[in-house]
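Visitor: The file below is data08.pdb, PDB, C-alpha atoms:
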```
ATOM      1  CA  MET A   1      -6.320 -23.658  -1.329
ATOM      2  CA  ASN A   2      -4.695 -20.241  -1.423
ATOM      3  CA  ASN A   3      -5.202 -18.346  -4.684
ATOM      4  CA  ILE A   4      -2.470 -16.226  -6.205
ATOM      5  CA  LYS A   5      -3.635 -12.874  -7.529
ATOM      6  CA  TYR A   6      -1.731 -12.007 -10.679
ATOM      7  CA  SER A   7      -1.617  -8.908 -12.812
ATOM      8  CA  ARG A   8       0.577  -7.690 -15.662
ATOM      9  CA  SER A   9       0.957  -3.965 -16.003
ATOM     10  CA  THR A  10       1.709  -1.545 -18.758
ATOM     11  CA  PRO A  11       5.317  -0.468 -19.036
ATOM     12  CA  TYR A  12       6.836   1.800 -16.419
ATOM     13  CA  THR A  13       4.230   1.289 -13.681
ATOM     14  CA  PHE A  14       6.810  -0.212 -11.299
ATOM     15  CA  GLU A  15      10.189   1.474 -11.155
ATOM     16  CA  PRO A  16      12.935  -0.990 -10.294
ATOM     17  CA  PRO A  17      16.555   0.030 -10.931
ATOM     18  CA  PHE A  18      15.673   0.243 -14.636
ATOM     19  CA  ARG A  19      12.692   1.253 -16.779
ATOM     20  CA  ALA A  20      10.762  -1.963 -17.297
ATOM     21  CA  ASN A  21       9.040  -3.136 -20.471
ATOM     22  CA  VAL A  22       6.859  -5.611 -18.545
ATOM     23  CA  THR A  23       5.839  -5.498 -14.892
ATOM     24  CA  GLU A  24       3.968  -8.112 -12.875
ATOM     25  CA  THR A  25       2.425  -8.340  -9.432
ATOM     26  CA  TYR A  26       1.720 -11.540  -7.508
ATOM     27  CA  ILE A  27      -0.148 -11.453  -4.171
ATOM     28  CA  THR A  28      -1.107 -14.271  -1.821
ATOM     29  CA  LYS A  29      -1.598 -14.873   1.901
ATOM     30  CA  ALA A  30       1.440 -14.221   4.093
ATOM     31  CA  ASN A  31       3.466 -16.840   5.890
ATOM     32  CA  PRO A  32       3.996 -16.418   9.634
ATOM     33  CA  ALA A  33       7.622 -17.551   9.305
ATOM     34  CA  THR A  34      10.387 -15.239   8.175
ATOM     35  CA  LEU A  35      10.699 -14.885   4.421
ATOM     36  CA  ARG A  36      14.466 -15.427   4.638
ATOM     37  CA  GLN A  37      13.972 -18.816   6.356
ATOM     38  CA  VAL A  38      11.285 -19.949   3.908
ATOM     39  CA  LEU A  39      13.396 -18.894   0.897
ATOM     40  CA  GLU A  40      16.327 -20.961   2.189
ATOM     41  CA  GLU A  41      14.058 -24.011   2.585
ATOM     42  CA  THR A  42      12.531 -23.483  -0.874
ATOM     43  CA  VAL A  43      15.912 -23.154  -2.609
ATOM     44  CA  ASN A  44      17.155 -26.415  -1.097
ATOM     45  CA  LYS A  45      14.249 -28.526  -2.426
ATOM     46  CA  LYS A  46      14.991 -30.961  -5.243
ATOM     47  CA  ARG A  47      12.970 -30.308  -8.393
ATOM     48  CA  PRO A  48      13.677 -32.756 -11.234
ATOM     49  CA  VAL A  49      10.981 -31.232 -13.488
ATOM     50  CA  LEU A  50      12.387 -27.717 -13.101
ATOM     51  CA  LYS A  51      15.905 -29.018 -13.766
ATOM     52  CA  SER A  52      14.633 -30.632 -16.999
ATOM     53  CA  LEU A  53      12.908 -27.394 -18.078
ATOM     54  CA  ILE A  54      16.078 -25.394 -17.466
ATOM     55  CA  GLY A  55      18.067 -27.966 -19.473
ATOM     56  CA  LEU A  56      15.624 -27.642 -22.375
ATOM     57  CA  ARG A  57      15.753 -23.847 -22.104
ATOM     58  CA  ASN A  58      19.562 -23.922 -22.252
ATOM     59  CA  ILE A  59      19.584 -26.065 -25.395
ATOM     60  CA  LEU A  60      17.129 -23.723 -27.138
ATOM     61  CA  VAL A  61      18.699 -20.378 -26.224
ATOM     62  CA  LYS A  62      22.424 -21.133 -26.325
ATOM     63  CA  LYS A  63      22.639 -20.470 -30.066
ATOM     64  CA  PHE A  64      21.081 -17.007 -29.549
ATOM     65  CA  GLY A  65      23.774 -15.898 -27.111
ATOM     66  CA  PHE A  66      21.862 -16.254 -23.846
ATOM     67  CA  LYS A  67      23.603 -17.324 -20.661
ATOM     68  CA  VAL A  68      23.399 -21.054 -20.024
ATOM     69  CA  ASP A  69      26.257 -21.640 -17.576
ATOM     70  CA  TRP A  70      26.019 -20.022 -14.194
ATOM     71  CA  PRO A  71      28.512 -20.185 -11.367
ATOM     72  CA  GLU A  72      27.513 -22.489  -8.531
ATOM     73  CA  ALA A  73      25.762 -20.147  -6.109
ATOM     74  CA  PRO A  74      23.169 -20.515  -3.345
ATOM     75  CA  TYR A  75      20.435 -18.890  -5.459
ATOM     76  CA  GLY A  76      21.496 -20.040  -8.902
ATOM     77  CA  PRO A  77      21.850 -17.184 -11.387
ATOM     78  CA  PHE A  78      20.013 -14.688  -9.154
ATOM     79  CA  ASP A  79      21.668 -12.005  -7.067
ATOM     80  CA  ILE A  80      19.595 -11.997  -3.855
ATOM     81  CA  SER A  81      19.693  -9.080  -1.438
ATOM     82  CA  PHE A  82      17.830  -9.196   1.880
ATOM     83  CA  GLN A  83      16.523  -5.885   3.189
ATOM     84  CA  ASN A  84      15.437  -7.681   6.385
ATOM     85  CA  ASP A  85      13.993 -11.088   7.325
ATOM     86  CA  GLN A  86      10.666 -10.208   5.663
ATOM     87  CA  SER A  87      11.780  -8.797   2.316
ATOM     88  CA  PHE A  88      14.361  -9.408  -0.371
ATOM     89  CA  SER A  89      15.103  -8.478  -3.957
ATOM     90  CA  ALA A  90      16.299 -10.748  -6.748
ATOM     91  CA  ARG A  91      18.128  -9.585  -9.842
ATOM     92  CA  TYR A  92      19.344 -11.319 -12.977
ATOM     93  CA  GLU A  93      21.377  -9.713 -15.753
ATOM     94  CA  ASP A  94      21.757 -11.123 -19.244
ATOM     95  CA  PRO A  95      23.174  -9.449 -22.365
ATOM     96  CA  HIS A  96      19.619  -9.456 -23.781
ATOM     97  CA  PHE A  97      17.483  -8.482 -20.794
ATOM     98  CA  SER A  98      17.447  -7.537 -17.112
ATOM     99  CA  PHE A  99      15.120  -9.029 -14.532
ATOM    100  CA  TYR A 100      14.357  -7.538 -11.119
ATOM    101  CA  SER A 101      11.874  -8.547  -8.424
ATOM    102  CA  GLU A 102      10.983  -7.619  -4.869
ATOM    103  CA  PHE A 103       9.331  -9.990  -2.386
ATOM    104  CA  GLN A 104       7.661  -8.590   0.732
ATOM    105  CA  ASN A 105       5.999 -10.484   3.567
ATOM    106  CA  ASP A 106       3.601  -7.907   5.028
ATOM    107  CA  HIS A 107       2.176  -9.140   8.330
ATOM    108  CA  LYS A 108      -0.012  -6.027   8.732
ATOM    109  CA  THR A 109      -2.063  -6.947   5.662
ATOM    110  CA  ASN A 110      -1.338 -10.697   5.930
ATOM    111  CA  GLN A 111      -0.030 -10.713   2.353
ATOM    112  CA  LEU A 112       3.042 -11.941   0.530
ATOM    113  CA  LYS A 113       3.693  -9.665  -2.455
ATOM    114  CA  CYS A 114       6.027 -10.039  -5.390
ATOM    115  CA  PHE A 115       6.716  -7.237  -7.839
ATOM    116  CA  ALA A 116       8.649  -8.313 -10.925
ATOM    117  CA  ALA A 117       9.970  -6.371 -13.879
ATOM    118  CA  VAL A 118      11.765  -7.154 -17.134
ATOM    119  CA  HIS A 119      13.700  -4.739 -19.309
ATOM    120  CA  TYR A 120      14.588  -5.812 -22.854
ATOM    121  CA  LYS A 121      18.065  -4.817 -23.985
ATOM    122  CA  THR A 122      17.745  -6.385 -27.440
ATOM    123  CA  PRO A 123      14.956  -7.693 -29.683
ATOM    124  CA  GLN A 124      16.117 -11.217 -28.751
ATOM    125  CA  GLY A 125      15.370 -10.392 -25.098
ATOM    126  CA  MET A 126      11.786  -9.526 -25.994
ATOM    127  CA  VAL A 127      11.327 -12.677 -28.098
ATOM    128  CA  TYR A 128      12.824 -14.787 -25.312
ATOM    129  CA  PHE A 129      10.568 -13.326 -22.614
ATOM    130  CA  TRP A 130       7.350 -13.768 -24.567
ATOM    131  CA  SER A 131       8.321 -17.289 -25.665
ATOM    132  CA  ILE A 132       8.739 -18.422 -22.033
ATOM    133  CA  TYR A 133       5.995 -16.200 -20.597
ATOM    134  CA  LEU A 134       3.460 -18.934 -19.722
ATOM    135  CA  PHE A 135       6.156 -21.014 -18.013
ATOM    136  CA  HIS A 136       7.411 -17.901 -16.227
ATOM    137  CA  VAL A 137       3.987 -17.141 -14.723
ATOM    138  CA  ALA A 138       3.439 -20.774 -13.699
ATOM    139  CA  ILE A 139       6.864 -20.949 -12.035
ATOM    140  CA  PHE A 140       6.310 -17.673 -10.165
ATOM    141  CA  LYS A 141       2.866 -18.765  -8.962
ATOM    142  CA  ASN A 142       4.368 -22.004  -7.639
ATOM    143  CA  LEU A 143       7.192 -20.053  -5.993
ATOM    144  CA  MET A 144       4.639 -17.800  -4.290
ATOM    145  CA  LYS A 145       2.761 -20.865  -3.018
ATOM    146  CA  GLU A 146       5.958 -22.308  -1.592
ATOM    147  CA  LEU A 147       7.043 -19.023  -0.028
ATOM    148  CA  SER A 148       3.598 -18.558   1.525
ATOM    149  CA  ASN A 149       3.705 -22.168   2.734
ATOM    150  CA  THR A 150       0.281 -23.007   1.280
TER     151      THR A 150
END
```
The structure in this file should be written as structure tokens.
Guide:
Amino acid sequence: MNNIKYSRSTPYTFEPPFRANVTETYITKANPATLRQVLEETVNKKRPVLKSLIGLRNILVKKFGFKVDWPEAPYGPFDISFQNDQSFSARYEDPHFSFYSEFQNDHKTNQLKCFAAVHYKTPQGMVYFWSIYLFHVAIFKNLMKELSNT
């Protein structure tokens, strides 16, 4: 089984389009397929457990002013931008926080890397992030496994 290396960094160690309060790095073995193709396959999978978790999340955070209704889009609430077939960025904006990540499939080092960053805009954004943190890490590790096809 392929292990996912995970690390959380001190603020400002990874500079996305904003100064991050929390940064994370996930690294696993690379997939020989194109990252664009694998992302499309991953997005189209049915996940009843994830749908239930998102429903629970929406019930809990709606009263605090967080987004719970997103327009129907191929990548859900995330704005995905492909740099090429082997790398893309994902961004999510909320009134309380910003999220940014970069995924890179590096065939030279045979690694799939994800760099993620969160910037709190309000105290509620910080409370929200730390209250979902364990789920967030578990979901990202599973995403990395799927994207690396392991």
Visitor: Counting all atoms listed in the file, find residues at most 10 Å from (23.6, -17.1, -21.0) (file frame) and give them as a PyMOL selection string.
Guide: chain A and resi 58+61-70+77+93-96
Visitor: Could you tell me how far CA of Phe103 (chain A) lies from CA of Leu56 (chain A), in Å and to one decimal?
Guide: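 Atom-to-atom, CA of Phe103 (chain A) and CA of Leu56 (chain A) are spaced 27.4 Å apart.
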Visitor: Residues picked by the PyMOL selection byres ((chain A and resi 92) around 12) here, as a PyMOL selection string?
Guide: chain A and resi 17+67+70+75-81+89-91+93-101+116-119
Visitor: Using only C-alpha atoms, can you tell me which of A:Ser7, A:Asn110, A:Thr42, A:Gln37 comes closest to Thr25 (chain A)?
Guide: A:Ser7
Visitor: How many Å separate CA of Tyr133 (chain A) from CA of Tyr6 (chain A)?
Guide: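 CA of Tyr6 (chain A) lies 13.3 Å from CA of Tyr133 (chain A).
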Visitor: From the options A:Val22, A:Glu72, A:Phe115, A:Lys121, which residue's atoms come nearest to Phe140 (chain A), counting all atoms listed in the file?
Guide: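 The answer is A:Phe115, which sits nearest to Phe140 (chain A).
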Visitor: For CA of Thr23 (chain A) and CA of Phe129 (chain A), quote the distance in Å rounded to one decimal.
Guide: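 About the pair CA of Thr23 (chain A) and CA of Phe129 (chain A): they are 12.0 Å apart.
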Visitor: So, counting only C-alpha atoms, which residue among A:Met144, A:Leu60, A:Ile54, A:Ala73 is closest to Tyr26 (chain A)?
Guide: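 Smallest distance to Tyr26 (chain A) is found for A:Met144.
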Visitor: Starting from the displayed file, determine the output of the PyMOL selection byres ((chain A and resi 30) around 8) and express the residue list as an NGL selection string.
Guide: :A and (28-29 or 31-32 or 105-107 or 110-112 or 148)
Visitor: Enumerate, as a ChimeraX atom specification, the residues matched when the PyMOL selection byres ((chain A and resi 38) around 10) is run on the file above.
Guide: /A:31-37,39-43,85-86,146-149
Visitor: Pick from A:Lys145, A:Thr109, A:Gln104, A:Arg57: nearest to Ile132 (chain A), with only C-alpha atoms counted?
Guide: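 For Ile132 (chain A), the nearest of the given residues is A:Arg57.
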Visitor: If the box runs along x, y and z of the file and leaves 8 Å on each side of region 77-95 of chain A, what are its centre and edge lengths in Å, one decimal, as lines of an AutoDock Vina configuration file?
Guide:
```
center_x = 16.9
center_y = -11.5
center_z = -7.5
size_x = 28.5
size_y = 27.3
size_z = 45.7
```
